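A.B. asks: Contents of entry-v3.cif (mmCIF, C-alpha atoms) are below:
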```cif
data_model
#
loop_
_atom_site.group_PDB
_atom_site.id
_atom_site.type_symbol
_atom_site.label_atom_id
_atom_site.label_comp_id
_atom_site.auth_asym_id
_atom_site.auth_seq_id
_atom_site.Cartn_x
_atom_site.Cartn_y
_atom_site.Cartn_z
ATOM 1 C CA MET A 1 0.000 0.000 0.000
ATOM 2 C CA ASP A 2 1.445 3.347 -1.017
ATOM 3 C CA GLY A 3 -1.409 5.852 -0.999
ATOM 4 C CA GLN A 4 -2.132 5.779 -4.739
ATOM 5 C CA TYR A 5 -5.280 3.650 -4.510
ATOM 6 C CA ARG A 6 -8.483 5.076 -3.029
ATOM 7 C CA LYS A 7 -9.626 1.622 -1.850
ATOM 8 C CA ASP A 8 -6.716 1.530 0.656
ATOM 9 C CA ILE A 9 -7.699 4.795 2.375
ATOM 10 C CA TYR A 10 -10.581 5.391 4.768
ATOM 11 C CA PRO A 11 -11.581 7.899 7.482
ATOM 12 C CA GLY A 12 -9.752 7.235 10.747
ATOM 13 C CA LEU A 13 -6.617 5.886 9.027
ATOM 14 C CA ALA A 14 -3.270 7.231 10.265
ATOM 15 C CA VAL A 15 -1.288 8.569 7.299
ATOM 16 C CA ALA A 16 1.670 10.688 6.279
ATOM 17 C CA ILE A 17 0.802 13.322 3.683
ATOM 18 C CA ILE A 18 2.725 15.852 1.630
ATOM 19 C CA LEU A 19 1.202 19.325 1.743
ATOM 20 C CA LYS A 20 1.226 21.443 -1.439
ATOM 21 C CA LYS A 21 3.796 23.821 0.086
ATOM 22 C CA ASP A 22 6.086 20.884 0.956
ATOM 23 C CA GLN A 23 6.090 19.171 -2.455
ATOM 24 C CA ARG A 24 9.612 20.325 -3.307
ATOM 25 C CA SER A 25 11.133 19.322 0.029
ATOM 26 C CA GLY A 26 9.058 16.161 0.489
ATOM 27 C CA LYS A 27 8.409 17.007 4.157
ATOM 28 C CA LEU A 28 5.778 14.693 5.625
ATOM 29 C CA THR A 29 2.870 15.729 7.836
ATOM 30 C CA TYR A 30 1.218 13.079 9.991
ATOM 31 C CA GLY A 31 -2.434 12.861 10.918
ATOM 32 C CA ILE A 32 -5.735 11.013 10.784
ATOM 33 C CA VAL A 33 -7.871 10.999 7.612
ATOM 34 C CA LYS A 34 -11.170 12.869 7.959
ATOM 35 C CA ASP A 35 -12.284 13.049 4.298
ATOM 36 C CA ILE A 36 -11.104 11.583 0.983
ATOM 37 C CA LEU A 37 -11.070 14.338 -1.640
ATOM 38 C CA THR A 38 -9.926 12.416 -4.748
ATOM 39 C CA SER A 39 -12.865 10.748 -6.487
ATOM 40 C CA SER A 40 -10.917 8.569 -8.940
ATOM 41 C CA PRO A 41 -9.834 5.071 -7.815
ATOM 42 C CA TYR A 42 -6.123 5.774 -8.574
ATOM 43 C CA HIS A 43 -3.830 8.806 -8.599
ATOM 44 C CA SER A 44 -0.138 8.576 -9.498
ATOM 45 C CA ARG A 45 0.965 11.202 -6.936
ATOM 46 C CA GLY A 46 -1.260 9.949 -4.121
ATOM 47 C CA ILE A 47 -4.884 10.274 -3.105
ATOM 48 C CA LYS A 48 -5.764 13.740 -1.792
ATOM 49 C CA VAL A 49 -7.214 13.765 1.736
ATOM 50 C CA ARG A 50 -8.254 16.192 4.472
ATOM 51 C CA LEU A 51 -6.864 15.417 7.914
ATOM 52 C CA GLU A 52 -8.869 15.820 11.120
ATOM 53 C CA ASP A 53 -6.977 19.066 11.816
ATOM 54 C CA GLY A 54 -8.070 20.488 8.421
ATOM 55 C CA GLN A 55 -4.800 20.184 6.511
ATOM 56 C CA ILE A 56 -5.063 18.912 2.923
ATOM 57 C CA GLY A 57 -2.439 16.924 1.056
ATOM 58 C CA ARG A 58 -1.650 13.765 -0.873
ATOM 59 C CA VAL A 59 -1.061 10.469 0.926
ATOM 60 C CA ALA A 60 2.621 9.544 0.746
ATOM 61 C CA ALA A 61 2.613 6.673 3.227
ATOM 62 C CA PHE A 62 0.611 4.965 5.899
ATOM 63 C CA ALA A 63 1.754 5.718 9.448
ATOM 64 C CA GLU A 64 2.867 2.309 10.687
ATOM 65 C CA ASP A 65 3.356 3.550 14.233
ATOM 66 C CA GLU A 66 0.524 5.728 15.527
ATOM 67 C CA ASP A 67 2.894 7.072 18.224
ATOM 68 C CA LEU A 68 4.238 9.350 15.465
ATOM 69 C CA LEU A 69 0.960 11.263 15.399
#
```
Turn the structure described in the file into structure tokens.
C.D. replies:
Amino acid sequence: MDGQYRKDIYPGLAVAIILKKDQRSGKLTYGIVKDILTSSPYHSRGIKVRLEDGQIGRVAAFAEDEDLL
């Protein structure tokens, strides 16, 4: 699972996203998915989501260890 398939992402999932402003640096932001914003089943750069804190970005990875949040 790498965040490119919508079927792998659901509300409540702990993820690492890349915010638009961090695309060049690749800095990750961790949080819990609130809403899935991409409607297509696949996106090459990652499915766009809104985190519970309101930040929006593309899923880069799934947070394996929820202690990171």
A.B. asks: Any idea what's packed within 7 Å of A:Ile17, counting all atoms listed in the file, ignoring anything in its chain fewer than 4 positions away? Could you give it as a short mmCIF file (atom, residue, chain, number, x, y, z; two decimals) with C-alpha atoms, in the coordinates of the input?
C.D. replies:
```cif
data_model
loop_
_atom_site.label_atom_id
_atom_site.label_comp_id
_atom_site.auth_asym_id
_atom_site.auth_seq_id
_atom_site.Cartn_x
_atom_site.Cartn_y
_atom_site.Cartn_z
CA LEU A 28 5.78 14.69 5.62
CA THR A 29 2.87 15.73 7.84
CA TYR A 30 1.22 13.08 9.99
CA GLY A 57 -2.44 16.92 1.06
CA ARG A 58 -1.65 13.76 -0.87
CA VAL A 59 -1.06 10.47 0.93
CA ALA A 60 2.62 9.54 0.75
CA ALA A 61 2.61 6.67 3.23
#
```
A.B. asks: What does the structure give for the distance between atom CA of A:Asp8 and atom CA of A:Tyr42, in Å to one decimal?
C.D. replies: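 That distance, rounded to one decimal, is 10.2 Å.
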A.B. asks: Applied to this file, what does the PyMOL selection byres ((chain A and resi 44) around 12) return in terms of residues, put as a ChimeraX atom specification?
C.D. replies: /A:2-6,38,40-43,45-48,58-60
A.B. asks: Counting only C-alpha atoms, note down every residue that has an atom within 10 Å of the point (-18.0, 11.6, 3.5) (file coordinates), as a PyMOL selection string.
C.D. replies: chain A and resi 10-11+34-37
A.B. asks: For a test of reading the model, state the distance in Å between atom CA of A:Glu52 and atom CA of A:Lys27, rounded to one decimal.
C.D. replies: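 Computing the Euclidean distance for atom CA of A:Glu52 and atom CA of A:Lys27 yields 18.7 Å.
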A.B. asks: Please indicate the distance in Å from atom CA of A:Leu51 to atom CA of A:Val33, rounded to one decimal place.
C.D. replies: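 Here the two named atoms are 4.5 Å from each other.
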A.B. asks: Mind telling me what the PyMOL selection byres ((chain A and resi 62) around 6) catches here, as a list of chain:residue names?
C.D. replies: A:Val15, A:Ala16, A:Ala61, A:Ala63, A:Glu64
A.B. asks: Using the partial input, fill out stretch 43-54 of chain A with all heavy atoms; write the result as a JSON list (two decimals), in the frame of the given file.
C.D. replies:
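After the write, rebuild-v1.json holds the following:
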```
[["chain", "number", "residue", "atom", "x", "y", "z"],
["A", 43, "HIS", "N", -4.52, 7.57, -8.25],
["A", 43, "HIS", "CA", -3.83, 8.81, -8.60],
["A", 43, "HIS", "C", -2.34, 8.58, -8.43],
["A", 43, "HIS", "O", -1.89, 8.11, -7.38],
["A", 43, "HIS", "CB", -4.30, 9.97, -7.73],
["A", 43, "HIS", "CG", -3.88, 11.30, -8.29],
["A", 43, "HIS", "ND1", -2.59, 11.75, -8.23],
["A", 43, "HIS", "CD2", -4.58, 12.24, -8.95],
["A", 43, "HIS", "CE1", -2.51, 12.93, -8.82],
["A", 43, "HIS", "NE2", -3.72, 13.25, -9.27],
["A", 44, "SER", "N", -1.57, 8.89, -9.47],
["A", 44, "SER", "CA", -0.14, 8.58, -9.50],
["A", 44, "SER", "C", 0.67, 9.29, -8.41],
["A", 44, "SER", "O", 1.68, 8.77, -7.95],
["A", 44, "SER", "CB", 0.45, 8.91, -10.87],
["A", 44, "SER", "OG", 0.30, 10.29, -11.15],
["A", 45, "ARG", "N", 0.23, 10.47, -7.98],
["A", 45, "ARG", "CA", 0.96, 11.20, -6.94],
["A", 45, "ARG", "C", 0.38, 11.02, -5.55],
["A", 45, "ARG", "O", 0.84, 11.65, -4.60],
["A", 45, "ARG", "CB", 1.03, 12.68, -7.29],
["A", 45, "ARG", "CG", 2.02, 12.95, -8.42],
["A", 45, "ARG", "CD", 1.90, 14.35, -8.89],
["A", 45, "ARG", "NE", 0.60, 14.45, -9.57],
["A", 45, "ARG", "CZ", 0.06, 15.58, -9.99],
["A", 45, "ARG", "NH1", 0.66, 16.71, -9.82],
["A", 45, "ARG", "NH2", -1.12, 15.57, -10.58],
["A", 46, "GLY", "N", -0.65, 10.20, -5.43],
["A", 46, "GLY", "CA", -1.26, 9.95, -4.12],
["A", 46, "GLY", "C", -2.66, 10.51, -4.04],
["A", 46, "GLY", "O", -2.97, 11.55, -4.64],
["A", 47, "ILE", "N", -3.51, 9.85, -3.30],
["A", 47, "ILE", "CA", -4.88, 10.27, -3.10],
["A", 47, "ILE", "C", -4.92, 11.50, -2.19],
["A", 47, "ILE", "O", -4.25, 11.53, -1.15],
["A", 47, "ILE", "CB", -5.71, 9.12, -2.49],
["A", 47, "ILE", "CG1", -5.72, 7.90, -3.41],
["A", 47, "ILE", "CG2", -7.13, 9.58, -2.15],
["A", 47, "ILE", "CD1", -6.36, 8.11, -4.76],
["A", 48, "LYS", "N", -5.68, 12.51, -2.58],
["A", 48, "LYS", "CA", -5.76, 13.74, -1.79],
["A", 48, "LYS", "C", -6.77, 13.54, -0.66],
["A", 48, "LYS", "O", -7.88, 13.06, -0.89],
["A", 48, "LYS", "CB", -6.18, 14.92, -2.66],
["A", 48, "LYS", "CG", -6.05, 16.26, -1.94],
["A", 48, "LYS", "CD", -6.40, 17.42, -2.83],
["A", 48, "LYS", "CE", -5.24, 17.77, -3.71],
["A", 48, "LYS", "NZ", -5.46, 19.04, -4.45],
["A", 49, "VAL", "N", -6.37, 13.92, 0.56],
["A", 49, "VAL", "CA", -7.21, 13.76, 1.74],
["A", 49, "VAL", "C", -7.20, 15.03, 2.59],
["A", 49, "VAL", "O", -6.28, 15.85, 2.49],
["A", 49, "VAL", "CB", -6.77, 12.57, 2.62],
["A", 49, "VAL", "CG1", -6.88, 11.26, 1.87],
["A", 49, "VAL", "CG2", -5.37, 12.76, 3.17],
["A", 50, "ARG", "N", -8.21, 15.16, 3.44],
["A", 50, "ARG", "CA", -8.25, 16.19, 4.47],
["A", 50, "ARG", "C", -8.04, 15.48, 5.80],
["A", 50, "ARG", "O", -8.71, 14.50, 6.10],
["A", 50, "ARG", "CB", -9.60, 16.92, 4.48],
["A", 50, "ARG", "CG", -9.71, 17.96, 5.59],
["A", 50, "ARG", "CD", -11.06, 18.66, 5.61],
["A", 50, "ARG", "NE", -11.23, 19.47, 4.42],
["A", 50, "ARG", "CZ", -12.19, 19.27, 3.51],
["A", 50, "ARG", "NH1", -13.07, 18.30, 3.65],
["A", 50, "ARG", "NH2", -12.29, 20.06, 2.46],
["A", 51, "LEU", "N", -7.11, 15.98, 6.59],
["A", 51, "LEU", "CA", -6.86, 15.42, 7.91],
["A", 51, "LEU", "C", -7.87, 15.98, 8.91],
["A", 51, "LEU", "O", -8.53, 16.98, 8.64],
["A", 51, "LEU", "CB", -5.44, 15.73, 8.38],
["A", 51, "LEU", "CG", -4.31, 15.20, 7.50],
["A", 51, "LEU", "CD1", -2.96, 15.59, 8.11],
["A", 51, "LEU", "CD2", -4.40, 13.71, 7.31],
["A", 52, "GLU", "N", -7.95, 15.36, 10.08],
["A", 52, "GLU", "CA", -8.87, 15.82, 11.12],
["A", 52, "GLU", "C", -8.58, 17.25, 11.56],
["A", 52, "GLU", "O", -9.48, 17.95, 12.00],
["A", 52, "GLU", "CB", -8.85, 14.87, 12.31],
["A", 52, "GLU", "CG", -9.53, 13.55, 12.01],
["A", 52, "GLU", "CD", -9.59, 12.63, 13.20],
["A", 52, "GLU", "OE1", -8.85, 12.84, 14.19],
["A", 52, "GLU", "OE2", -10.39, 11.67, 13.15],
["A", 53, "ASP", "N", -7.32, 17.69, 11.43],
["A", 53, "ASP", "CA", -6.98, 19.07, 11.82],
["A", 53, "ASP", "C", -7.20, 20.07, 10.68],
["A", 53, "ASP", "O", -6.90, 21.24, 10.82],
["A", 53, "ASP", "CB", -5.55, 19.14, 12.34],
["A", 53, "ASP", "CG", -4.50, 18.82, 11.29],
["A", 53, "ASP", "OD1", -4.87, 18.59, 10.11],
["A", 53, "ASP", "OD2", -3.30, 18.78, 11.64],
["A", 54, "GLY", "N", -7.73, 19.60, 9.52],
["A", 54, "GLY", "CA", -8.07, 20.49, 8.42],
["A", 54, "GLY", "C", -7.03, 20.61, 7.32],
["A", 54, "GLY", "O", -7.31, 21.18, 6.27]]
```
